Amino acid sequence: MGAVEKSRKDVLPAGSWDYASSLEGRDIVSFEERYGLFIGGEQVSPRSRSWFTTVSPSTEEPLAEVAQAGAKDVALAVGAAQEAFAPWSSWRPAERAKVLFRIARILQERARELAVAESLDGGKPIKESRDVDLPLAAAHFFYYAGWADKLEYAFPGRRPRPIGVAAQIVPWNFPLLMLAWKIAPALACGNTVVLKPAETTPLTALLFADVCRQAEVPPGVVNIVTGDGSTGAHLVRSEGIGKVAFTGSTEVGKAIQRELAGRDISLTLELGGKAANIVFEDCALDQAVEGIVNGIYFNQGHVCCAGSRLLVQESIHDQLVRKLKRRMSTLRVGDPLDKNTDVGAINSKAQLDRITELVQAGTDEGAELYQPPCRLPEKGWWFAPTVFTNVAQSHRIAQEEIFGPVLSVLTFRTPDEAVEKANNTMYGLSAGIWTEKGSRILWMADRLRAGVVWGNTFNRFDPASPFGGYKESGFGREGGRHGLEAYLRFE
Ligand code: NAD
């Protein structure tokens with residue numbers, strides 16, 4: 001019995017019903033001791049001769065050594081992708097589609113292994129990696145496989161052509177899913193790619209290299225270079241790339257945009273967010289509470305489109321907060337491999353420090369903090385689900401992206417006020433609206449400056465639906481037909 005189980009026994013009243021732990025077996029995945037870079041279809045040792053260790057954030061246990069790619073390694077990967085571009089882009093589109101279909105099927109076949117790897121390396125609950133990350137990653141490959149031989153129909157009257165080598169950089173919150181969002185449309189359009197996973201979660205990308213071998217992706221079409229931000233910077237500066245697709249923080253996104261200024265390279269940026277989840281007094285309240293919990297505690301709140309600002313109509317504030325706190329007390333925080341876990345580990349010590357600092361700022365600025373009773377495991381990086389009430393618009397916790405399981409509650413009286421408060425942020429990635437009136441959802445959605453607006457739900461994703469931001473949440477869309485456009489030029 002782990003520390004969390006014990007602690008729940010401590011905090012729950014005697015005789016109350018509780019779950020027994022239900023651990024997913026980790027034997028399904030075996031990591032190599034050391035991973036090289038995936039270049040030209042082979043695992044190669046880095047020229048940099050430099051390595052780093054990736055650890056499990058829930059136990060701090062080292063999982064594997066991973067190559068830290070330097071400038072020469074990145075140049076080699078870009079060279080391999082350039083060489084593969086001409087043959088790959090001249091394949092019959094239906095043949096390219098077959099490769100994507102094969103990848104999708106192998107992802108499904110190896111879903112359990114990849115889900116366990118994702119939870120071990122990233123700290124997310126297995127029920128999320130199993131039920132969300134993996135099915136959606138496979139769905140992206142299925143979806144874009146379907147487009148590969150229909151590009152002329154997607155853009156009638158235009159002549160779509162692939163761009164060349166796509167440099168792709170992804171963050172640590174959905175490592176394999178973000179990889180799928182990037183690689184699937186790029187390959188469907190006939191490009192080749194060099195992808196850099198985040199330094200704290202490189203393992204599923206390295207397992208994906210093996211999926212590529214299994215699916216007989218031609219050598220050089222997919223290349224994976226691991227490393228920290230400096231590897232990403234080398235990739236962005238590379239000669240020979242035609243496109244940069246970046247998902248990550250607004251700060252790094254701006255640096256990349258500056259770096260590319262004056263170069264003929266197309267760019268898409270998927271950056272941070274501070275979404276408003278807006279709850280009207282006429283909504284189905286219990287359903288809204290589920291949506292609020294899903295909106296902010298899913299994936300420990302490490303979600304760019306997380307509903308981190310709850311805007312609640314003043315008349316139902318007290319009732320809603322009461323229900324929310326009661327629901328929060330049932331969330332199970334602990335071992336990511338336990339199938340009952342709702343909230344897993346914080347991805348890194350650095351991220352935990354950032355969350356802790358912002359939560360302290362919330363308290364210092366006068367907001368009221370609530371955390372349900374739960375004792376956190378001693379090893380690893382953890383943060384209890386948190387809600388702040390009495391939050392003012394000017395508070396840092398209402399303005400800055402916390403990227404953790406922390407919700408800020410604000411109130412409004414009229415729909416106009418809700419729109420004004422929701423839009424009062426530098427971000428514009430997503431929003432949620434809870435009301436029984438369909439007409440109000442449409443009225444609000446028209447006025448919200450957010451790329452995705454959910455009505456009576458939250459955090460729903462589908463490969464056919466475009467996703468992206470306004471303002472400092474970035475530009476360009478991933479997913480859907482729009483997602484193809486980012487990987488094409490038109491003659
Ligand atoms: P980050 O910007 O620090 O890192 C993202 C990636 O960029 C990593 O692979 C990192 O190694 C690399 N990188 C760092 N410095 C670089 C540089 N100078 N040049 C090139 N690459 C560099 O972000 P993070 O902390 O890993 O991720 C969290 C952020 O990502 C949050 O702000 C979140 O909102 C955002 N995010 C956005 C979306 C979206 O679709 N909009 C999705 C997921 C995450």
# chains A, B, ... in the order shown; residues from 1 in each chain; ligands from 1
>>> select_by_dssp(residues="stretch 121-262 of chain A", states="helix (DSSP H, G or I)", output="ChimeraX atom specification")
/A:121-122,126-147,151-154,175-188,203-214,229-237,250-260
>>> residues_around(residues="A:Lys196", least_positions_apart="3", cutoff="8 Å", atoms="only C-alpha atoms", output="list of chain:residue names")
A:Gln168, A:Ile169, A:Val170, A:Ile224, A:Val225, A:Thr226, A:Gly227, A:Thr231, A:Gly232
>>> write_last_selection(atoms="N, CA and C atoms", output="mmCIF file, in the first residue's frame")
data_model
loop_
_atom_site.group_PDB
_atom_site.id
_atom_site.type_symbol
_atom_site.label_atom_id
_atom_site.label_comp_id
_atom_site.auth_asym_id
_atom_site.auth_seq_id
_atom_site.Cartn_x
_atom_site.Cartn_y
_atom_site.Cartn_z
ATOM 1 N N GLN A 168 10.398 20.262 -36.110
ATOM 2 C CA GLN A 168 9.239 20.213 -35.204
ATOM 3 C C GLN A 168 9.718 20.082 -33.761
ATOM 4 N N ILE A 169 9.210 20.939 -32.901
ATOM 5 C CA ILE A 169 9.653 20.955 -31.496
ATOM 6 C C ILE A 169 8.423 20.840 -30.610
ATOM 7 N N VAL A 170 8.441 19.871 -29.680
ATOM 8 C CA VAL A 170 7.240 19.632 -28.864
ATOM 9 C C VAL A 170 7.558 19.715 -27.367
ATOM 10 N N ILE A 224 14.602 11.789 -35.262
ATOM 11 C CA ILE A 224 14.312 12.274 -33.910
ATOM 12 C C ILE A 224 15.623 12.679 -33.253
ATOM 13 N N VAL A 225 15.706 13.940 -32.869
ATOM 14 C CA VAL A 225 16.899 14.402 -32.144
ATOM 15 C C VAL A 225 16.484 14.807 -30.735
ATOM 16 N N THR A 226 17.143 14.220 -29.738
ATOM 17 C CA THR A 226 16.817 14.534 -28.351
ATOM 18 C C THR A 226 17.800 15.573 -27.813
ATOM 19 N N GLY A 227 17.359 16.259 -26.767
ATOM 20 C CA GLY A 227 18.233 17.267 -26.152
ATOM 21 C C GLY A 227 17.395 18.359 -25.528
ATOM 22 N N THR A 231 19.358 22.226 -28.268
ATOM 23 C CA THR A 231 19.150 21.377 -29.464
ATOM 24 C C THR A 231 18.043 21.979 -30.329
ATOM 25 N N GLY A 232 16.975 22.426 -29.655
ATOM 26 C CA GLY A 232 15.875 23.064 -30.382
ATOM 27 C C GLY A 232 16.363 24.305 -31.112
#
>>> closest_atom_pairs(of="chain A", to="ligand 1", cutoff="8 Å", atoms="only C-alpha atoms and all ligand atoms", output="JSON lines")
{"residue": "A:Ile169", "atom": "CA", "partner": "ligand 1", "partner_atom_place_in_ligand_line": "9 (O)", "distance": 5.3}
{"residue": "A:Val170", "atom": "CA", "partner": "ligand 1", "partner_atom_place_in_ligand_line": "9 (O)", "distance": 4.8}
{"residue": "A:Pro171", "atom": "CA", "partner": "ligand 1", "partner_atom_place_in_ligand_line": "26 (O)", "distance": 3.9}
{"residue": "A:Trp172", "atom": "CA", "partner": "ligand 1", "partner_atom_place_in_ligand_line": "26 (O)", "distance": 5.2}
{"residue": "A:Asn173", "atom": "CA", "partner": "ligand 1", "partner_atom_place_in_ligand_line": "43 (C)", "distance": 6.1}
{"residue": "A:Phe174", "atom": "CA", "partner": "ligand 1", "partner_atom_place_in_ligand_line": "43 (C)", "distance": 6.8}
{"residue": "A:Met178", "atom": "CA", "partner": "ligand 1", "partner_atom_place_in_ligand_line": "42 (C)", "distance": 7.3}
{"residue": "A:Lys196", "atom": "CA", "partner": "ligand 1", "partner_atom_place_in_ligand_line": "9 (O)", "distance": 6.0}
{"residue": "A:Pro197", "atom": "CA", "partner": "ligand 1", "partner_atom_place_in_ligand_line": "9 (O)", "distance": 5.0}
{"residue": "A:Ala198", "atom": "CA", "partner": "ligand 1", "partner_atom_place_in_ligand_line": "9 (O)", "distance": 3.4}
{"residue": "A:Glu199", "atom": "CA", "partner": "ligand 1", "partner_atom_place_in_ligand_line": "11 (O)", "distance": 5.6}
{"residue": "A:Gly227", "atom": "CA", "partner": "ligand 1", "partner_atom_place_in_ligand_line": "11 (O)", "distance": 6.7}
{"residue": "A:Asp228", "atom": "CA", "partner": "ligand 1", "partner_atom_place_in_ligand_line": "11 (O)", "distance": 4.3}
{"residue": "A:Gly229", "atom": "CA", "partner": "ligand 1", "partner_atom_place_in_ligand_line": "14 (C)", "distance": 3.4}
{"residue": "A:Ser230", "atom": "CA", "partner": "ligand 1", "partner_atom_place_in_ligand_line": "17 (C)", "distance": 6.0}
{"residue": "A:Thr231", "atom": "CA", "partner": "ligand 1", "partner_atom_place_in_ligand_line": "21 (N)", "distance": 6.8}
{"residue": "A:Gly232", "atom": "CA", "partner": "ligand 1", "partner_atom_place_in_ligand_line": "21 (N)", "distance": 3.5}
{"residue": "A:Ala233", "atom": "CA", "partner": "ligand 1", "partner_atom_place_in_ligand_line": "19 (N)", "distance": 3.6}
{"residue": "A:His234", "atom": "CA", "partner": "ligand 1", "partner_atom_place_in_ligand_line": "20 (C)", "distance": 7.3}
{"residue": "A:Leu235", "atom": "CA", "partner": "ligand 1", "partner_atom_place_in_ligand_line": "20 (C)", "distance": 7.1}
{"residue": "A:Val236", "atom": "CA", "partner": "ligand 1", "partner_atom_place_in_ligand_line": "20 (C)", "distance": 6.3}
{"residue": "A:Phe246", "atom": "CA", "partner": "ligand 1", "partner_atom_place_in_ligand_line": "7 (O)", "distance": 7.1}
{"residue": "A:Thr247", "atom": "CA", "partner": "ligand 1", "partner_atom_place_in_ligand_line": "37 (C)", "distance": 5.1}
{"residue": "A:Gly248", "atom": "CA", "partner": "ligand 1", "partner_atom_place_in_ligand_line": "30 (O)", "distance": 3.0}
{"residue": "A:Ser249", "atom": "CA", "partner": "ligand 1", "partner_atom_place_in_ligand_line": "32 (O)", "distance": 3.5}
{"residue": "A:Thr250", "atom": "CA", "partner": "ligand 1", "partner_atom_place_in_ligand_line": "32 (O)", "distance": 6.0}
{"residue": "A:Glu251", "atom": "CA", "partner": "ligand 1", "partner_atom_place_in_ligand_line": "2 (O)", "distance": 6.7}
{"residue": "A:Val252", "atom": "CA", "partner": "ligand 1", "partner_atom_place_in_ligand_line": "2 (O)", "distance": 4.8}
{"residue": "A:Gly253", "atom": "CA", "partner": "ligand 1", "partner_atom_place_in_ligand_line": "2 (O)", "distance": 6.7}
{"residue": "A:Ala255", "atom": "CA", "partner": "ligand 1", "partner_atom_place_in_ligand_line": "18 (N)", "distance": 6.4}
{"residue": "A:Ile256", "atom": "CA", "partner": "ligand 1", "partner_atom_place_in_ligand_line": "19 (N)", "distance": 6.0}
{"residue": "A:Leu269", "atom": "CA", "partner": "ligand 1", "partner_atom_place_in_ligand_line": "41 (N)", "distance": 7.3}
{"residue": "A:Glu270", "atom": "CA", "partner": "ligand 1", "partner_atom_place_in_ligand_line": "41 (N)", "distance": 3.6}
{"residue": "A:Leu271", "atom": "CA", "partner": "ligand 1", "partner_atom_place_in_ligand_line": "41 (N)", "distance": 4.0}
{"residue": "A:Gly272", "atom": "CA", "partner": "ligand 1", "partner_atom_place_in_ligand_line": "34 (O)", "distance": 3.1}
{"residue": "A:Gly273", "atom": "CA", "partner": "ligand 1", "partner_atom_place_in_ligand_line": "34 (O)", "distance": 5.3}
{"residue": "A:His302", "atom": "CA", "partner": "ligand 1", "partner_atom_place_in_ligand_line": "33 (C)", "distance": 7.3}
{"residue": "A:Val303", "atom": "CA", "partner": "ligand 1", "partner_atom_place_in_ligand_line": "43 (C)", "distance": 6.0}
{"residue": "A:Cys304", "atom": "CA", "partner": "ligand 1", "partner_atom_place_in_ligand_line": "34 (O)", "distance": 3.5}
{"residue": "A:Cys305", "atom": "CA", "partner": "ligand 1", "partner_atom_place_in_ligand_line": "41 (N)", "distance": 7.0}
{"residue": "A:Gln351", "atom": "CA", "partner": "ligand 1", "partner_atom_place_in_ligand_line": "25 (O)", "distance": 7.7}
{"residue": "A:Glu401", "atom": "CA", "partner": "ligand 1", "partner_atom_place_in_ligand_line": "32 (O)", "distance": 7.0}
{"residue": "A:Phe403", "atom": "CA", "partner": "ligand 1", "partner_atom_place_in_ligand_line": "31 (C)", "distance": 6.6}
{"residue": "A:Leu429", "atom": "CA", "partner": "ligand 1", "partner_atom_place_in_ligand_line": "41 (N)", "distance": 6.8}
{"residue": "A:Phe467", "atom": "CA", "partner": "ligand 1", "partner_atom_place_in_ligand_line": "40 (O)", "distance": 7.2}
{"residue": "A:Gly468", "atom": "CA", "partner": "ligand 1", "partner_atom_place_in_ligand_line": "41 (N)", "distance": 6.2}
{"residue": "A:Gly469", "atom": "CA", "partner": "ligand 1", "partner_atom_place_in_ligand_line": "41 (N)", "distance": 6.7}
{"residue": "A:Ser473", "atom": "CA", "partner": "ligand 1", "partner_atom_place_in_ligand_line": "41 (N)", "distance": 6.2}
{"residue": "A:Gly474", "atom": "CA", "partner": "ligand 1", "partner_atom_place_in_ligand_line": "41 (N)", "distance": 7.1}
>>> residues_around(residues="A:Ala145", least_positions_apart="4", cutoff="6 Å", atoms="only C-alpha atoms", output="compact mmCIF listing (two decimals) with N, CA, C and O atoms, in the first residue's frame")
# COMPACT_ATOMS: atom_id res chain seq x y z
N ALA A 97 -0.04 7.15 -47.89
CA ALA A 97 -1.16 6.93 -46.96
C ALA A 97 -1.02 5.58 -46.26
O ALA A 97 -1.26 5.45 -45.06
N LEU A 100 1.19 5.76 -43.30
CA LEU A 100 0.54 6.39 -42.15
C LEU A 100 -0.48 5.46 -41.49
O LEU A 100 -0.57 5.39 -40.27
N PHE A 101 -1.21 4.74 -42.32
CA PHE A 101 -2.15 3.75 -41.75
C PHE A 101 -1.40 2.71 -40.93
O PHE A 101 -1.84 2.30 -39.86
N PHE A 141 -3.02 9.78 -36.88
CA PHE A 141 -2.41 9.13 -38.04
C PHE A 141 -3.47 8.56 -38.98
O PHE A 141 -3.36 8.68 -40.19
>>> atom_distance(atom1="atom CA of A:Arg263", atom2="atom CA of A:Gly476")
17.8 Å
>>> residues_around(residues="A:Ile28", least_positions_apart="6", cutoff="9 Å", atoms="only C-alpha atoms", output="CSV table (one decimal) with C-alpha atoms, in the first residue's frame")
chain,number,residue,atom,x,y,z
A,112,ARG,CA,-0.3,-0.4,-23.6
A,113,GLU,CA,3.4,-0.4,-23.9
A,114,LEU,CA,3.5,3.3,-25.0
A,116,VAL,CA,3.0,2.8,-19.6
A,117,ALA,CA,6.1,4.5,-21.0
>>> residues_around(residues="A:Pro87", least_positions_apart="3", cutoff="12 Å", atoms="only C-alpha atoms", output="PyMOL selection string")
chain A and resi 81-84+90-93+96+164+190-192+218-221
>>> closest_atom_pairs(of="stretch 303-375 of chain A", to="stretch 276-298 of chain A", cutoff="7 Å", atoms="only C-alpha atoms", output="Markdown table")
| residue | atom | partner | partner_atom | distance |
| --- | --- | --- | --- | --- |
| A:Ala306 | CA | A:Ile296 | CA | 5.3 |
| A:Gly307 | CA | A:Gly295 | CA | 4.7 |
| A:Ser308 | CA | A:Ile296 | CA | 5.7 |
| A:Arg309 | CA | A:Ala276 | CA | 4.7 |
| A:Leu310 | CA | A:Asn277 | CA | 4.9 |
| A:Leu311 | CA | A:Ile278 | CA | 4.6 |
| A:Val312 | CA | A:Val279 | CA | 4.8 |
| A:Gln313 | CA | A:Phe280 | CA | 5.3 |
| A:Ser315 | CA | A:Glu281 | CA | 6.7 |
| A:Ile316 | CA | A:Glu281 | CA | 5.8 |
| A:Leu324 | CA | A:Val289 | CA | 5.9 |
| A:Val343 | CA | A:Tyr297 | CA | 6.7 |
>>> closest_residue(among="A:Ser430, A:Val132, A:Val211, A:Leu369", to="A:Trp454", atoms="only C-alpha atoms")
A:Ser430
>>> residues_around(residues="A:Lys339", least_positions_apart="6", cutoff="7 Å", atoms="only C-alpha atoms", output="ChimeraX atom specification")
/A:22-24,126-127
>>> residues_around(residues="A:Arg47", least_positions_apart="3", cutoff="9 Å", atoms="only C-alpha atoms", output="list in words")
Val44, Ser50, Ala69, Gly70, Ala71, Lys72 and Asp73 of chain A
>>> select_by_dssp(residues="stretch 111-194 of chain A", states="strand (DSSP E)", output="JSON, numbers by chain")
{"A": [160, 161, 162, 165, 166, 167, 168, 169, 192, 193, 194]}
>>> closest_residue(among="A:Arg447, A:Thr201, A:Leu136, A:Gln257", to="A:Asp462", atoms="only C-alpha atoms")
A:Leu136
>>> closest_residue(among="A:Ser439, A:Gly451, A:Asn347, A:Ser129", to="A:Arg477", atoms="only C-alpha atoms")
A:Gly451
>>> decode(residues="stretch 184-195 of chain A", atoms="N, CA, C and O atoms", output="compact mmCIF listing (two decimals), in the first residue's frame")
# COMPACT_ATOMS: atom_id res chain seq x y z
N ALA A 184 2.04 13.49 -38.29
CA ALA A 184 1.02 12.92 -39.20
C ALA A 184 0.70 13.86 -40.36
O ALA A 184 0.78 13.43 -41.53
N PRO A 185 0.35 15.14 -40.13
CA PRO A 185 0.03 15.98 -41.30
C PRO A 185 1.26 16.25 -42.17
O PRO A 185 1.13 16.35 -43.39
N ALA A 186 2.44 16.36 -41.55
CA ALA A 186 3.65 16.64 -42.33
C ALA A 186 3.90 15.52 -43.33
O ALA A 186 4.16 15.77 -44.51
N LEU A 187 3.82 14.27 -42.86
CA LEU A 187 4.08 13.14 -43.77
C LEU A 187 2.97 13.00 -44.80
O LEU A 187 3.23 12.71 -45.97
N ALA A 188 1.73 13.22 -44.37
CA ALA A 188 0.62 13.08 -45.32
C ALA A 188 0.80 14.03 -46.50
O ALA A 188 0.42 13.71 -47.63
N CYS A 189 1.38 15.20 -46.23
CA CYS A 189 1.57 16.19 -47.30
C CYS A 189 2.85 15.95 -48.10
O CYS A 189 3.14 16.70 -49.02
N GLY A 190 3.64 14.95 -47.71
CA GLY A 190 4.84 14.62 -48.49
C GLY A 190 6.12 15.27 -47.99
O GLY A 190 7.14 15.26 -48.69
N ASN A 191 6.10 15.84 -46.78
CA ASN A 191 7.32 16.41 -46.21
C ASN A 191 8.11 15.33 -45.47
O ASN A 191 7.59 14.26 -45.16
N THR A 192 9.35 15.67 -45.12
CA THR A 192 10.11 14.84 -44.20
C THR A 192 10.31 15.67 -42.93
O THR A 192 10.15 16.89 -42.96
N VAL A 193 10.66 15.01 -41.81
CA VAL A 193 10.68 15.75 -40.54
C VAL A 193 11.92 15.46 -39.70
O VAL A 193 12.50 14.37 -39.76
N VAL A 194 12.29 16.49 -38.92
CA VAL A 194 13.22 16.30 -37.80
C VAL A 194 12.46 16.78 -36.58
O VAL A 194 12.07 17.96 -36.50
N LEU A 195 12.21 15.88 -35.63
CA LEU A 195 11.42 16.24 -34.46
C LEU A 195 12.29 16.21 -33.21
O LEU A 195 13.07 15.28 -33.01
